[in-house]
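Asks: Have a look at this one.
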Amino acid sequence: MHDRSSLARLRVDRFVLERLVPHLYRGSAPLQVTRWDAAGEPVPFDTAAAGEYSPIAAGDAWGRPWGTTWFRVQGAVPGEWRDADGALPPRTRSEVVVDLGFTAGQPGFQCEAMVWSTAGHPVRGIAPLNNAVAEAVDEAGQVDVYIEAASNPDVGSLFVFAPTPVGDPATAGDDPIYTLRHLDVRLRDLEIADLLADTLALRGLVDELDERSSRRADILVALERMIDTVDPDDVTGTAADGRAVLAPVLASPASASAHTLHAVGHAHIDSAWLWPVRETVRKVSRTFSNVLSLMDEDPDFVFVASSAQQYAWIKETYPDLFERIRARVEEGRFIPVGSMWVESDTNMPGSEAMARQFVAGKSFFLREFGLDTPEVWLPDSFGYSGALPQIAKAAGARWFLTQKTSWNETNRMPHHTFQWEGIDGTRLFTHFPPVDTYNSRVTAAELAHAEHNFADKGQSTVSLLPYGYGDGGGGPTREMTAAIARTGSLEGSPRVVHSTPRRFFETAEAEYPDPEVWSGELYLEFHRGTYTSQLRTKQGNRRSEHLLREAELWAATASVRCGIPYPAERIQRVWETVLLQQFHDILPGSSIAWVYHDAERNYAWVARELEEIIGESLRALAGEGDRTLVANAAPHDRGGVAALGAAPAAEAADVAPVAEGSGWVLDNGIVRATVDERGLVVSAVDLASGREVVPPGRAAGLLQLHRDTPTQWDAWDVDVHYRNTVRDLTDVVAIGVEGSAIVVERSFSGSTVVERISLAEGSRVVSFAFELDWHEKQKLLKLAFPLDLHADRAASEIQFGHIERSTHTNTSWDAARFETVAHRWIRVAEPDFGVAVVNDSTYGHDVTREQRDERGGTITIARLSLVRAALFPDPTQDQGRHELRVGLVVGADVADAVAEGYRFNLPRRRVEGAGVEAIAPLVAVDRPGVVVEAVKLAEDGSGDVVVRLYEALGVRARATLTAGFDAAGVRQVDLLEREVPADGVVVDGDAVRLDLRPFQIVTVRFARA
């Protein structure tokens, strides 16, 4: 039995379905359509236009997976639609309407298209729910256009997470996957379209109002009166009368206390995900062309788009479209946002790479549009580093926006507008839209949720509403802007106003000048598997970052010392490639196989290019002779070679294992490690203090295999229940000594691993080198180090410093951090003694505590996540051979952890045939805890030397930075190398005295004499 209200709502729903939607078009007429299939990758317009086209009709199949089919569409508006003067009826518009065979999945995840003029200009995109093109009909009513249709398979928009072969062209097949439904010209009834928008706005509001409210009753009465007014036999002729009935309830204004949503058009376009990068280029073109068309229709509409990389693609590939964008940017209606090269992951990029995201992004926007973008726009990245506030501020950003923390599984963020405080104390005004989506469709349900959900009521009255189809692009539609027009001030609804990010943030800052503070990282309680998935890509990123450091250092040194040209353009191309790969669905390992085939090729190119630059630079510096030098690009002296310089030096030899009992001992006078017959480290003693690191009865360097079957997102997630099943890999196929390493071979399931355990002279690092041949499915491989330490917290390296996290689970926030990210090292310590674990490849870690034994006390277990084997979206994830290294640093303070992290990732280079005795460092710092992160020449081509450094230990530090060349002047600058007021920097001739707060970043620019 239905009550009166329910019956009224059902009546309205049926009226919409049966009367309004079918009458949106007064008529339709077929068009002539022919087709031409591109043989391989997408082709330019001129190539497609010269193709041999053949007929295709509705009902015909088209499009192999990832293929491109071009349609030539020709015809005319029927004469009977026009009056004697050739005009269409009032309140109508002719448009070409296309259904390529759209499926039930989301826009942006399936077939899409771009409409081209016969002159070769992109007109606008076609996608599900946005498939009408008025621009395809000229003033004379003629239609003659090309349609570039992409038959992209729907890899996973329904999110069933089933393994599929279609993410790789090699396994996707060749059979057509779409059927053309219709492609015709239609006459749109704009009065009925407006009546439909009126009705949907009010019908949606009804569901959000209290059932007992008079406002709800008034709306339902008005809707039923409208239905009675519209003649079902003459919907066209009576639609205006129906609108008149609804006008009073639409005109009733919002209450004075209503929340205000600042609506900004948006289209989150993943730079790669369930499609390759090459397809993203076309997605951006379709979306941006749609947006430009919508601007022509709606003068209030404003659109924002981030990622300088995407604008650069348009400039290179669609220059006409780029100039149209430039004109709208000048008007302030098409707004570049975000300040970064891509919407990057922020957990795993290294320090300098995170800075370069801003340098590359903001520089592009300044160069192309004259805009210094003030905000960081990262709605979808998988958690946010505690170093980000300082990095963003150092690039000149004022505001930060994210949405992803609404996905938290365990805890709800306590604020939506707040100050975010980073590890150095820098604060960044931050907003987290309470609508809980970055792809709003401007529905009444979303608007009501935003108002009810807003956590800062009583302090603030505004929030931001990013609306438009996203992830795969698409952007705002005319239906969405129609909804905004009706909710600008509507009783019972929050106000919705067209706005810009700047207008929103300035309004929010003005009304909430002293917001609450969130300190530390914004940890996402979800998608924790992204720290580990796709190991090869993570290794490619890590190695590329360190090669870039070397290339810039040695090229800058060679330019200053030898006068050879600095390879700025080559280095910039490499940086842009590496920065693109740090996009938040590439580096995290959550994309299809095609993306990772591309990534591996890109990283191979990066390595070749940088090795060539490094080799050329060192050869110029070393000259010709018979000496051998060792170049040290690390920021710390080692083995007699100064930091950032080169000198004669011998490599430290590994100590020879000594048989003892059924195992071996490695002893270099600093550390004594015992390896048993299982190939496990059962003792590691710091000889100076006598401290034993490994707890009694435990073993370090233990490989552990877990079942890894996430509840939802395969490649993205590691769920806590993985700990319920574990297999310790202690069986040995073979064990023995080869040279100075203890070599252990293990086999499990279909996989094998060869470990080499060694200890170098003069080192406190027990090294584990792994050769892994991995053939598991839905498994997670961990490497465990039980440590005889009672530690409430563990330190993990992040950009420009480190962060401490609890090892206990006292609170739900602590418990949720069961898998965390670290860069090159983690450290576990008691007040007087610590141990670090360094790595060259991985990012995922967990640190927990257990009771030591029945006598009491606790031990701490530090584990690294080495490799996974998810099935979606890449069913071949991580299969095959891998090499990686891990080191146990016995008796390590924070300075040791920092230094060993760099050393583990920056091997020294031998320079044979050198003619000089040494290469002096270009710059030097007299305090080890103040770390030089980058040495390069200035971005503006002036030849100035730029040095970026930071305080790495988390303490206040005084140091002196000295230039090893003649400098004409020194300035403190921001990340974009613009002069800023001195902050702890005093210039004294060619030297710079630094007085740094914990984790402070400083960039110094030396003018060349």
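Chain labels A, B, ... are given in the sequence in which chains occur in the structure tokens; within each chain residues are numbered consecutively from 1, and ligands are likewise numbered from 1 in the order shown.
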Lys782 of chain A: which residues within 7 Å, counting only C-alpha atoms, same-chain residues fewer than 5 positions away excluded, as a ChimeraX atom specification?

Replies: /A:703-705,863-866

Asks: Segment 500-558 of chain A near segment 412-425 of chain A within 8 Å: what's each residue's closest atom pair and its distance in Å to one decimal, counting only C-alpha atoms, ordered by chain then ascending residue number, as JSON lines?

Replies:
{"residue": "A:Pro515", "atom": "CA", "partner": "A:Phe418", "partner_atom": "CA", "distance": 5.1}
{"residue": "A:Glu516", "atom": "CA", "partner": "A:Phe418", "partner_atom": "CA", "distance": 5.2}
{"residue": "A:Val517", "atom": "CA", "partner": "A:Gln419", "partner_atom": "CA", "distance": 4.7}
{"residue": "A:Trp518", "atom": "CA", "partner": "A:Trp420", "partner_atom": "CA", "distance": 5.0}
{"residue": "A:Ser519", "atom": "CA", "partner": "A:Glu421", "partner_atom": "CA", "distance": 4.6}
{"residue": "A:Gly520", "atom": "CA", "partner": "A:Gly422", "partner_atom": "CA", "distance": 5.3}
{"residue": "A:Glu521", "atom": "CA", "partner": "A:Gly422", "partner_atom": "CA", "distance": 7.1}

Asks: List as an NGL selection string the protein and nucleic acid residues near Ile592 of chain A, meaning an atom at most 8 Å away when only C-alpha atoms are counted, but skip any in the same chain fewer than 5 places from it.

Replies: :A and (167-168 or 273-276 or 872-874)

Asks: Selection from above, C-alpha atoms, as a short mmCIF file (atom, residue, chain, number, x, y, z; two decimals), in the first residue's frame, can you write it?

Replies:
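File part.cif, as written:
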data_model
loop_
_atom_site.label_atom_id
_atom_site.label_comp_id
_atom_site.auth_asym_id
_atom_site.auth_seq_id
_atom_site.Cartn_x
_atom_site.Cartn_y
_atom_site.Cartn_z
CA GLY A 167 43.99 -4.28 -20.74
CA ASP A 168 46.77 -5.40 -23.07
CA TRP A 273 44.40 4.17 -15.71
CA LEU A 274 42.07 1.71 -17.43
CA TRP A 275 43.38 3.16 -20.68
CA PRO A 276 46.90 4.00 -21.90
CA PHE A 872 42.83 -6.64 -11.60
CA PRO A 873 43.30 -4.49 -13.58
CA ASP A 874 46.50 -6.23 -14.75
#

Asks: So which one's closest to Val973 of chain A, A:Gly623, A:Gly396, A:Gly941, A:Gly105? Using only C-alpha atoms, please.

Replies: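 With only C-alpha atoms as the atom set, the closest residue is A:Gly396.
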
Asks: Can you pull out every residue within 10 Å of Pro981 of chain A, counting only C-alpha atoms, but drop anything in the same chain fewer than 6 positions away, and send it as a list in words?

Replies: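 Within the cut-off, the hits are Arg971, Gln972, Val973 and Asp974 of chain A.
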
Asks: Using C-alpha atoms, can you export the residues from the last selection as a PDB file, in the first residue's frame?

Replies:
ATOM      1  CA  ARG A 971      69.983  34.874  -3.065  1.00  0.00           C
ATOM      2  CA  GLN A 972      67.429  32.701  -1.352  1.00  0.00           C
ATOM      3  CA  VAL A 973      64.759  31.696  -3.859  1.00  0.00           C
ATOM      4  CA  ASP A 974      61.585  29.631  -3.990  1.00  0.00           C
TER       5      ASP A 974
END

Asks: For the interface of segment 454-543 of chain A with segment 839-856 of chain A (cut-off 6 Å, counting only C-alpha atoms), please tabulate each contacting residue of segment 454-543 of chain A alongside its nearest pair of atoms and their separation in Å to one decimal, rows sorted by chain and increasing number, as JSON lines.

Replies:
{"residue": "A:Tyr531", "atom": "CA", "partner": "A:Gly844", "partner_atom": "CA", "distance": 4.7}
{"residue": "A:Thr532", "atom": "CA", "partner": "A:Gly844", "partner_atom": "CA", "distance": 5.6}
{"residue": "A:Gln539", "atom": "CA", "partner": "A:Ser841", "partner_atom": "CA", "distance": 5.0}

Asks: Write the selection just made, keeping N, CA and C atoms, as a short mmCIF file (atom, residue, chain, number, x, y, z; two decimals), in the first residue's frame?

Replies:
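Ended up saving to again15.cif:
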data_model
loop_
_atom_site.label_atom_id
_atom_site.label_comp_id
_atom_site.auth_asym_id
_atom_site.auth_seq_id
_atom_site.Cartn_x
_atom_site.Cartn_y
_atom_site.Cartn_z
N TYR A 531 51.44 1.01 -2.40
CA TYR A 531 52.84 1.20 -2.06
C TYR A 531 53.72 0.07 -2.62
N THR A 532 53.08 -1.01 -3.13
CA THR A 532 53.83 -2.20 -3.50
C THR A 532 53.55 -2.69 -4.92
N GLN A 539 60.61 0.55 -9.12
CA GLN A 539 62.07 0.57 -9.26
C GLN A 539 62.49 1.57 -10.33
#

Asks: Find, counting only C-alpha atoms, the residue in A:Thr405, A:Pro567, A:Val337, A:Gly350 that gets nearest to His802 of chain A.

Replies: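 Under the stated criterion, the closest residue is A:Gly350.
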
Asks: When you look at segment 676-687 of chain A with a cut-off of 9 Å (counting only C-alpha atoms), what residues show up, excluding the ones that are within fewer than 4 positions of it in the same chain? I need them as an MDAnalysis selection string.

Replies: chainID A and resid 660:665 669:672 691:702 730:732 735:736 742:745 755 757 764 766 890:891

Asks: Grab the residues selected above and save them as a tab-separated table (two decimals), in the first residue's frame with C-alpha atoms.

Replies:
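For reference, out_22.tsv as written:
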chain	number	residue	atom	x	y	z
A	660	GLU	CA	80.66	-21.64	12.73
A	661	GLY	CA	78.55	-24.60	13.83
A	662	SER	CA	75.92	-25.27	11.18
A	663	GLY	CA	76.05	-21.69	9.92
A	664	TRP	CA	78.34	-18.75	9.23
A	665	VAL	CA	79.50	-15.54	10.87
A	669	GLY	CA	84.82	-5.36	13.77
A	670	ILE	CA	81.75	-3.13	13.79
A	671	VAL	CA	78.96	-5.66	13.37
A	672	ARG	CA	78.93	-9.40	13.97
A	691	ARG	CA	73.75	-4.70	21.81
A	692	GLU	CA	72.09	-7.73	20.22
A	693	VAL	CA	69.56	-6.68	17.59
A	694	VAL	CA	67.77	-9.98	16.94
A	695	PRO	CA	65.51	-11.19	19.78
A	696	PRO	CA	66.18	-14.65	21.23
A	697	GLY	CA	64.55	-17.39	19.21
A	698	ARG	CA	63.76	-15.09	16.28
A	699	ALA	CA	65.34	-14.61	12.86
A	700	ALA	CA	65.86	-11.49	10.75
A	701	GLY	CA	65.67	-11.45	6.97
A	702	LEU	CA	62.69	-13.82	7.07
A	730	THR	CA	62.47	-21.16	5.83
A	731	ASP	CA	63.02	-24.18	3.59
A	732	VAL	CA	66.29	-24.18	1.69
A	735	ILE	CA	72.93	-22.82	0.76
A	736	GLY	CA	76.62	-22.06	0.64
A	742	ILE	CA	76.27	-16.40	1.85
A	743	VAL	CA	73.97	-17.58	-0.95
A	744	VAL	CA	70.59	-19.09	-0.15
A	745	GLU	CA	68.19	-20.54	-2.71
A	755	GLU	CA	69.42	-14.39	-1.55
A	757	ILE	CA	73.80	-11.98	2.46
A	764	ARG	CA	77.31	-1.45	9.81
A	766	VAL	CA	74.08	-6.33	6.73
A	890	VAL	CA	72.85	-2.07	13.09
A	891	GLY	CA	73.27	0.71	15.66

Asks: Can you tell me which residues surround segment 253-261 of chain A at a distance of at most 9 Å, considering only C-alpha atoms, apart from same-chain residues fewer than 5 positions away, and format the answer as number ranges by chain?

Replies: A: 447, 450-451, 457, 460-465, 487-499, 504

Asks: Selected residues, C-alpha atoms, written as a tab-separated table (two decimals), in the first residue's frame, please.

Replies:
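Written out: out-v9.tsv:
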chain	number	residue	atom	x	y	z
A	447	LEU	CA	23.63	18.92	-2.61
A	450	ALA	CA	27.12	18.29	1.15
A	451	GLU	CA	25.11	20.50	3.49
A	457	LYS	CA	29.03	24.27	10.63
A	460	SER	CA	31.97	28.29	7.93
A	461	THR	CA	29.04	28.36	5.51
A	462	VAL	CA	30.69	27.54	2.18
A	463	SER	CA	32.10	24.53	0.41
A	464	LEU	CA	33.28	23.70	-3.07
A	465	LEU	CA	31.30	21.56	-5.52
A	487	THR	CA	19.37	25.78	-7.32
A	488	GLY	CA	20.98	29.21	-7.14
A	489	SER	CA	18.44	30.05	-4.45
A	490	LEU	CA	15.82	27.36	-3.94
A	491	GLU	CA	13.94	26.89	-0.69
A	492	GLY	CA	14.88	23.61	0.96
A	493	SER	CA	18.17	23.32	-0.91
A	494	PRO	CA	21.64	24.75	-0.29
A	495	ARG	CA	22.53	27.61	-2.58
A	496	VAL	CA	24.63	26.70	-5.63
A	497	VAL	CA	26.58	29.43	-7.40
A	498	HIS	CA	28.92	29.34	-10.37
A	499	SER	CA	32.35	30.10	-8.96
A	504	PHE	CA	35.81	29.97	-3.05

Asks: Can you pull out every residue within 7 Å of Ala150 of chain A, counting only C-alpha atoms, but drop anything in the same chain fewer than 2 positions away, and send it as a VMD selection string?

Replies: chain A and resid 66 to 69 111 to 113 148 152

Asks: Please dump the current selection as a CSV table (one decimal), in the first residue's frame; keep C-alpha atoms.

Replies:
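Saved the output as result31.csv:
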chain,number,residue,atom,x,y,z
A,66,TRP,CA,41.6,-0.1,-28.6
A,67,GLY,CA,40.9,0.5,-32.3
A,68,THR,CA,39.9,3.7,-34.1
A,69,THR,CA,37.1,4.0,-36.7
A,111,CYS,CA,33.7,4.1,-26.7
A,112,GLU,CA,34.1,7.8,-27.2
A,113,ALA,CA,34.6,10.1,-30.2
A,148,GLU,CA,37.0,9.8,-34.9
A,152,ASN,CA,38.0,1.5,-26.0

Asks: Do you have the atom CA of Leu644 of chain A-atom CA of Asp990 of chain A distance handy?

Replies: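 Separation of atom CA of Leu644 of chain A and atom CA of Asp990 of chain A: 17.9 Å.
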
Asks: Kindly give the distance, in Å, that separates atom CA of Val21 of chain A and atom CA of Leu294 of chain A, rounded to a single decimal.

Replies: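 So the answer is 21.3 Å.
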
Asks: Between A:Gly540, A:Gly63, A:Pro466, A:Pro998, single out the one closest to Tyr603 of chain A, counting only C-alpha atoms.

Replies: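 Nearest to Tyr603 of chain A: A:Gly540.
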
Asks: Report the distance between atom CA of Ala1009 of chain A and atom CA of Gly989 of chain A in Å, rounded to one decimal place.

Replies: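 Here the two named atoms are 12.4 Å from each other.
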